[in-house]
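*Asks:* Below is one structure. I have some questions about it.
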Amino acid sequence: MDRQILARLNEMRRKRQAAILVTDLDGGSDRLIVEGDVLDGALAEVAASAFRSGKSSAVEIEGQSLFLNVHLPPPRIVVIGAVHISQVLARMAALAGFDITIIDPRTAFATPERFEGIDLVADWPVDALKERPLDGYMALVAVTHDPKIDDEPIAQALRAGCFYVGALGSRKTHAGRMERLRREGLTEADLARIRAPIGLAIGAASPAEIAVAILAEIIASLRGRDVSLPKGGRS
């Protein structure tokens, strides 16, 4: 691999940006596509599909045999609230291949005993997220029911472009949340991205069922997100 391409690919990994290394199987030069690059023709659709699925594969495009090696940042779920739902969600998320972090300043809830082996941060989200900023390959799940804890990370997640932002609470609770976030400068387009009530509508009642509904909605958001690459010129 060309050293410049390797250096750029490593830079993308450090920045948690998605990239595809395109190898010409007929002996042509390698090429790196970064999510958001402007592409021409059929390659734009093939690359968008690869970014969505995360799967590397060989393809035929306009008479060229190419191999697309997809490099995605590890998807992470950031849960605000060390509650019963979070305990189940943490175990299921790990099985599904997600990294997971639980953040809660309430030390009575955020204990190692309740979250053994889980990345647990017993601090206010506004402080924790300064050290670990959110990005487009993260999902934000807010489940404390406390606006003093939930509101700020929700706003940060919307501004950071997290692929999923969900919040627990009734429609009345969510209406109040929306009004507070409007006062913080979030637009209607931003607010429309919040999934509330959180999780797929499967009639979930218990913490375990709610966790299933949340994880399913997160997976659907990750695999169905809009990664259509702009067309009209070469990257």
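Following the order of the structure tokens, chains are lettered A, B, ..., residues in each are numbered from 1, and ligands are numbered from 1.
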To test your reading of the structure, identify every residue in region 3-206 of chain A that backbone DSSP assigns to alpha helix (DSSP H), and report it as number ranges by chain.
*Replies:* A: 3-14, 41-53, 84-95, 125-131, 147-160, 171-183, 188-191
*Asks:* If we count only C-alpha atoms, what is near region 125-136 of chain A at a cut-off of 6 Å, once residues fewer than 4 positions away on the same chain are taken out, given as a compact mmCIF listing (two decimals) with C-alpha atoms, in the first residue's frame?
*Replies:*
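So around-v1.txt came out as:
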# COMPACT_ATOMS: atom_id res chain seq x y z
CA ALA A 160 -22.26 16.01 16.93
CA GLY A 161 -24.37 14.10 14.39
CA CYS A 162 -24.70 10.88 16.42
CA PHE A 163 -26.38 8.27 14.22
*Asks:* Would you write out, as CSV, a table of all residues in region 60-161 of chain A that have an atom no more than 10 Å from an atom of region 33-41 of chain A, listing for each the closest atom pair and the distance in Å to one decimal, considering only C-alpha atoms and ordering rows by chain and rising residue number?
*Replies:*
residue,atom,partner,partner_atom,distance
A:Ile61,CA,A:Gly41,CA,9.3
A:Glu62,CA,A:Gly41,CA,9.1
A:Leu68,CA,A:Ile33,CA,9.6
A:Val70,CA,A:Ile33,CA,9.4
A:His71,CA,A:Val34,CA,9.5
A:Leu72,CA,A:Glu35,CA,9.6
*Asks:* Go through region 79-170 of chain A and flag each residue having an atom no more than 7 Å from region 197-203 of chain A; for those, report the closest pair of atoms plus their distance in Å to one decimal, using only C-alpha atoms, ordered by chain and rising number, as a Markdown table.
*Replies:*
| residue | atom | partner | partner_atom | distance |
| --- | --- | --- | --- | --- |
| A:Gly166 | CA | A:Ile198 | CA | 5.3 |
| A:Ala167 | CA | A:Ile198 | CA | 5.4 |
| A:Leu168 | CA | A:Ile198 | CA | 5.3 |
| A:Gly169 | CA | A:Pro197 | CA | 6.0 |
| A:Ser170 | CA | A:Pro197 | CA | 6.3 |
*Asks:* Could you take the residues named above and write them with all heavy atoms, as a PDB file, in the first residue's frame?
*Replies:*
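For reference, part.pdb as written:
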ATOM      1  N   GLY A 166     -31.811   8.776  21.355  1.00  0.00           N
ATOM      2  CA  GLY A 166     -33.083   8.333  21.914  1.00  0.00           C
ATOM      3  C   GLY A 166     -33.212   8.755  23.360  1.00  0.00           C
ATOM      4  O   GLY A 166     -32.217   8.844  24.086  1.00  0.00           O
ATOM      5  N   ALA A 167     -34.460   9.010  23.791  1.00  0.00           N
ATOM      6  CA  ALA A 167     -34.687   9.466  25.154  1.00  0.00           C
ATOM      7  C   ALA A 167     -35.934   8.806  25.725  1.00  0.00           C
ATOM      8  O   ALA A 167     -36.980   8.745  25.069  1.00  0.00           O
ATOM      9  CB  ALA A 167     -34.818  10.985  25.197  1.00  0.00           C
ATOM     10  N   LEU A 168     -35.809   8.331  26.954  1.00  0.00           N
ATOM     11  CA  LEU A 168     -36.917   7.698  27.649  1.00  0.00           C
ATOM     12  C   LEU A 168     -37.878   8.768  28.162  1.00  0.00           C
ATOM     13  O   LEU A 168     -37.463   9.859  28.529  1.00  0.00           O
ATOM     14  CB  LEU A 168     -36.377   6.880  28.820  1.00  0.00           C
ATOM     15  CG  LEU A 168     -37.306   5.874  29.480  1.00  0.00           C
ATOM     16  CD1 LEU A 168     -37.671   4.756  28.510  1.00  0.00           C
ATOM     17  CD2 LEU A 168     -36.616   5.281  30.713  1.00  0.00           C
ATOM     18  N   GLY A 169     -39.153   8.435  28.195  1.00  0.00           N
ATOM     19  CA  GLY A 169     -40.131   9.365  28.757  1.00  0.00           C
ATOM     20  C   GLY A 169     -41.421   9.363  27.970  1.00  0.00           C
ATOM     21  O   GLY A 169     -41.458   8.976  26.800  1.00  0.00           O
ATOM     22  N   SER A 170     -42.485   9.824  28.623  1.00  0.00           N
ATOM     23  CA  SER A 170     -43.791   9.919  27.977  1.00  0.00           C
ATOM     24  C   SER A 170     -43.801  11.045  26.951  1.00  0.00           C
ATOM     25  O   SER A 170     -42.860  11.852  26.874  1.00  0.00           O
ATOM     26  CB  SER A 170     -44.868  10.190  29.029  1.00  0.00           C
ATOM     27  OG  SER A 170     -44.656  11.479  29.597  1.00  0.00           O
TER      28      SER A 170
END
*Asks:* My list of candidates is A:His145, A:Arg195, A:Arg182, A:Arg225. Which is closest to Val165 (chain A) when distances are computed with only C-alpha atoms?
*Replies:*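 Closest candidate: A:Arg195.
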*Asks:* Taking only C-alpha atoms into account, which of A:Pro74, A:Asp30, A:Ala96, A:Thr23 comes nearest Val59 (chain A)?
*Replies:*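 Going through A:Pro74, A:Asp30, A:Ala96, A:Thr23 one by one, the smallest distance to Val59 (chain A) is for A:Thr23.
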*Asks:* From the options A:Ile214, A:Leu222, A:Ala192, A:Ala58, which residue's atoms come nearest to Leu25 (chain A), counting only C-alpha atoms?
*Replies:*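 Smallest distance to Leu25 (chain A) is found for A:Ala58.
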*Asks:* Which of these, A:Ala196, A:Met92, A:Ala157, A:Leu21, has the shortest distance to Arg171 (chain A) once you count only C-alpha atoms?
*Replies:* A:Ala196
*Asks:* Can you pull out the residues contacting region 110-119 of chain A? Cut-off 6 Å, using only C-alpha atoms, and skip same-chain residues under 3 positions away; I want them as a PDB file with C-alpha atoms, in the first residue's frame.
*Replies:*
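Once written, result37.pdb looks like this:
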ATOM      1  CA  ALA A  82     -27.146   3.643  35.231  1.00  0.00           C
ATOM      2  CA  THR A 101     -20.256   3.385  27.968  1.00  0.00           C
ATOM      3  CA  ASP A 104     -24.296   8.688  35.536  1.00  0.00           C
ATOM      4  CA  THR A 107     -22.966   7.133  42.568  1.00  0.00           C
ATOM      5  CA  ALA A 122     -19.624   8.116  37.580  1.00  0.00           C
TER       6      ALA A 122
END
*Asks:* Per DSSP on the backbone, filter region 39-148 of chain A down to the residues in strand (DSSP E) and report them as a PyMOL selection string.
*Replies:* chain A and resi 57-61+64-71+76-80+99-103+119-121+138-142
*Asks:* Output N, CA and C atoms for every residue in the selection just made, as an mmCIF file, in the first residue's frame.
*Replies:*
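Printed below is again-v2.cif as written:
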data_model
loop_
_atom_site.group_PDB
_atom_site.id
_atom_site.type_symbol
_atom_site.label_atom_id
_atom_site.label_comp_id
_atom_site.auth_asym_id
_atom_site.auth_seq_id
_atom_site.Cartn_x
_atom_site.Cartn_y
_atom_site.Cartn_z
ATOM 1 N N SER A 57 -15.845 -6.151 0.154
ATOM 2 C CA SER A 57 -16.232 -7.068 -0.921
ATOM 3 C C SER A 57 -15.552 -6.683 -2.230
ATOM 4 N N ALA A 58 -15.528 -7.659 -3.148
ATOM 5 C CA ALA A 58 -15.061 -7.407 -4.515
ATOM 6 C C ALA A 58 -16.253 -6.985 -5.371
ATOM 7 N N VAL A 59 -16.051 -6.003 -6.238
ATOM 8 C CA VAL A 59 -17.135 -5.499 -7.089
ATOM 9 C C VAL A 59 -16.607 -5.264 -8.502
ATOM 10 N N GLU A 60 -17.544 -5.260 -9.434
ATOM 11 C CA GLU A 60 -17.238 -4.904 -10.828
ATOM 12 C C GLU A 60 -17.925 -3.580 -11.123
ATOM 13 N N ILE A 61 -17.147 -2.568 -11.489
ATOM 14 C CA ILE A 61 -17.708 -1.251 -11.772
ATOM 15 C C ILE A 61 -17.137 -0.748 -13.091
ATOM 16 N N GLN A 64 -14.138 -2.445 -14.376
ATOM 17 C CA GLN A 64 -13.009 -2.569 -13.458
ATOM 18 C C GLN A 64 -13.346 -3.561 -12.350
ATOM 19 N N SER A 65 -12.346 -4.391 -12.014
ATOM 20 C CA SER A 65 -12.488 -5.292 -10.879
ATOM 21 C C SER A 65 -11.832 -4.633 -9.669
ATOM 22 N N LEU A 66 -12.636 -4.333 -8.673
ATOM 23 C CA LEU A 66 -12.155 -3.594 -7.509
ATOM 24 C C LEU A 66 -12.449 -4.380 -6.236
ATOM 25 N N PHE A 67 -11.595 -4.182 -5.248
ATOM 26 C CA PHE A 67 -11.895 -4.716 -3.916
ATOM 27 C C PHE A 67 -12.040 -3.537 -2.966
ATOM 28 N N LEU A 68 -13.187 -3.480 -2.281
ATOM 29 C CA LEU A 68 -13.474 -2.403 -1.344
ATOM 30 C C LEU A 68 -13.253 -2.913 0.082
ATOM 31 N N ASN A 69 -12.207 -2.420 0.708
ATOM 32 C CA ASN A 69 -11.882 -2.789 2.090
ATOM 33 C C ASN A 69 -12.410 -1.677 2.999
ATOM 34 N N VAL A 70 -13.478 -1.984 3.719
ATOM 35 C CA VAL A 70 -14.202 -0.961 4.482
ATOM 36 C C VAL A 70 -13.634 -0.855 5.893
ATOM 37 N N HIS A 71 -13.323 0.367 6.306
ATOM 38 C CA HIS A 71 -12.805 0.633 7.643
ATOM 39 C C HIS A 71 -13.778 1.591 8.339
ATOM 40 N N ARG A 76 -20.295 2.838 18.981
ATOM 41 C CA ARG A 76 -20.372 2.873 20.441
ATOM 42 C C ARG A 76 -21.735 3.407 20.874
ATOM 43 N N ILE A 77 -22.281 2.798 21.899
ATOM 44 C CA ILE A 77 -23.502 3.281 22.522
ATOM 45 C C ILE A 77 -23.127 3.967 23.827
ATOM 46 N N VAL A 78 -23.526 5.216 23.960
ATOM 47 C CA VAL A 78 -23.296 5.973 25.193
ATOM 48 C C VAL A 78 -24.641 6.104 25.894
ATOM 49 N N VAL A 79 -24.746 5.512 27.074
ATOM 50 C CA VAL A 79 -26.000 5.511 27.826
ATOM 51 C C VAL A 79 -25.885 6.497 28.979
ATOM 52 N N ILE A 80 -26.820 7.418 29.034
ATOM 53 C CA ILE A 80 -26.880 8.360 30.145
ATOM 54 C C ILE A 80 -27.897 7.820 31.148
ATOM 55 N N ASP A 99 -19.412 -1.306 21.267
ATOM 56 C CA ASP A 99 -18.788 -0.819 22.488
ATOM 57 C C ASP A 99 -19.855 -0.048 23.257
ATOM 58 N N ILE A 100 -19.757 -0.006 24.575
ATOM 59 C CA ILE A 100 -20.782 0.701 25.344
ATOM 60 C C ILE A 100 -20.164 1.402 26.536
ATOM 61 N N THR A 101 -20.666 2.599 26.807
ATOM 62 C CA THR A 101 -20.256 3.385 27.968
ATOM 63 C C THR A 101 -21.504 3.815 28.717
ATOM 64 N N ILE A 102 -21.493 3.687 30.032
ATOM 65 C CA ILE A 102 -22.576 4.148 30.888
ATOM 66 C C ILE A 102 -22.076 5.352 31.676
ATOM 67 N N ILE A 103 -22.842 6.445 31.638
ATOM 68 C CA ILE A 103 -22.472 7.662 32.367
ATOM 69 C C ILE A 103 -23.607 8.050 33.304
ATOM 70 N N ASP A 119 -17.698 -0.307 30.797
ATOM 71 C CA ASP A 119 -17.074 1.013 30.872
ATOM 72 C C ASP A 119 -18.060 1.962 31.563
ATOM 73 N N LEU A 120 -17.818 2.262 32.822
ATOM 74 C CA LEU A 120 -18.744 3.028 33.655
ATOM 75 C C LEU A 120 -18.070 4.318 34.108
ATOM 76 N N VAL A 121 -18.769 5.445 33.926
ATOM 77 C CA VAL A 121 -18.233 6.750 34.315
ATOM 78 C C VAL A 121 -19.199 7.390 35.305
ATOM 79 N N MET A 138 -21.561 7.101 17.044
ATOM 80 C CA MET A 138 -22.036 6.839 18.390
ATOM 81 C C MET A 138 -23.552 7.016 18.458
ATOM 82 N N ALA A 139 -24.155 6.215 19.325
ATOM 83 C CA ALA A 139 -25.579 6.341 19.637
ATOM 84 C C ALA A 139 -25.699 6.863 21.059
ATOM 85 N N LEU A 140 -26.610 7.798 21.277
ATOM 86 C CA LEU A 140 -26.826 8.367 22.602
ATOM 87 C C LEU A 140 -28.186 7.907 23.110
ATOM 88 N N VAL A 141 -28.188 7.284 24.285
ATOM 89 C CA VAL A 141 -29.410 6.776 24.906
ATOM 90 C C VAL A 141 -29.551 7.451 26.264
ATOM 91 N N ALA A 142 -30.579 8.273 26.429
ATOM 92 C CA ALA A 142 -30.792 9.010 27.679
ATOM 93 C C ALA A 142 -31.971 8.405 28.428
#
*Asks:* Considering only C-alpha atoms, can you say which of A:Leu9, A:Gly27, A:Ile85, A:Ala18 comes closest to Arg52 (chain A)?
*Replies:*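 Under the stated criterion, the closest residue is A:Ala18.
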*Asks:* Would you mind reading off the distance between CA of Val46 (chain A) and CA of Ile20 (chain A), one decimal, in Å?
*Replies:* 10.9 Å
*Asks:* Find the distance between CA of Val88 (chain A) and CA of Ala220 (chain A) and write it in Å to one decimal.
*Replies:*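 The value is 18.9 Å.
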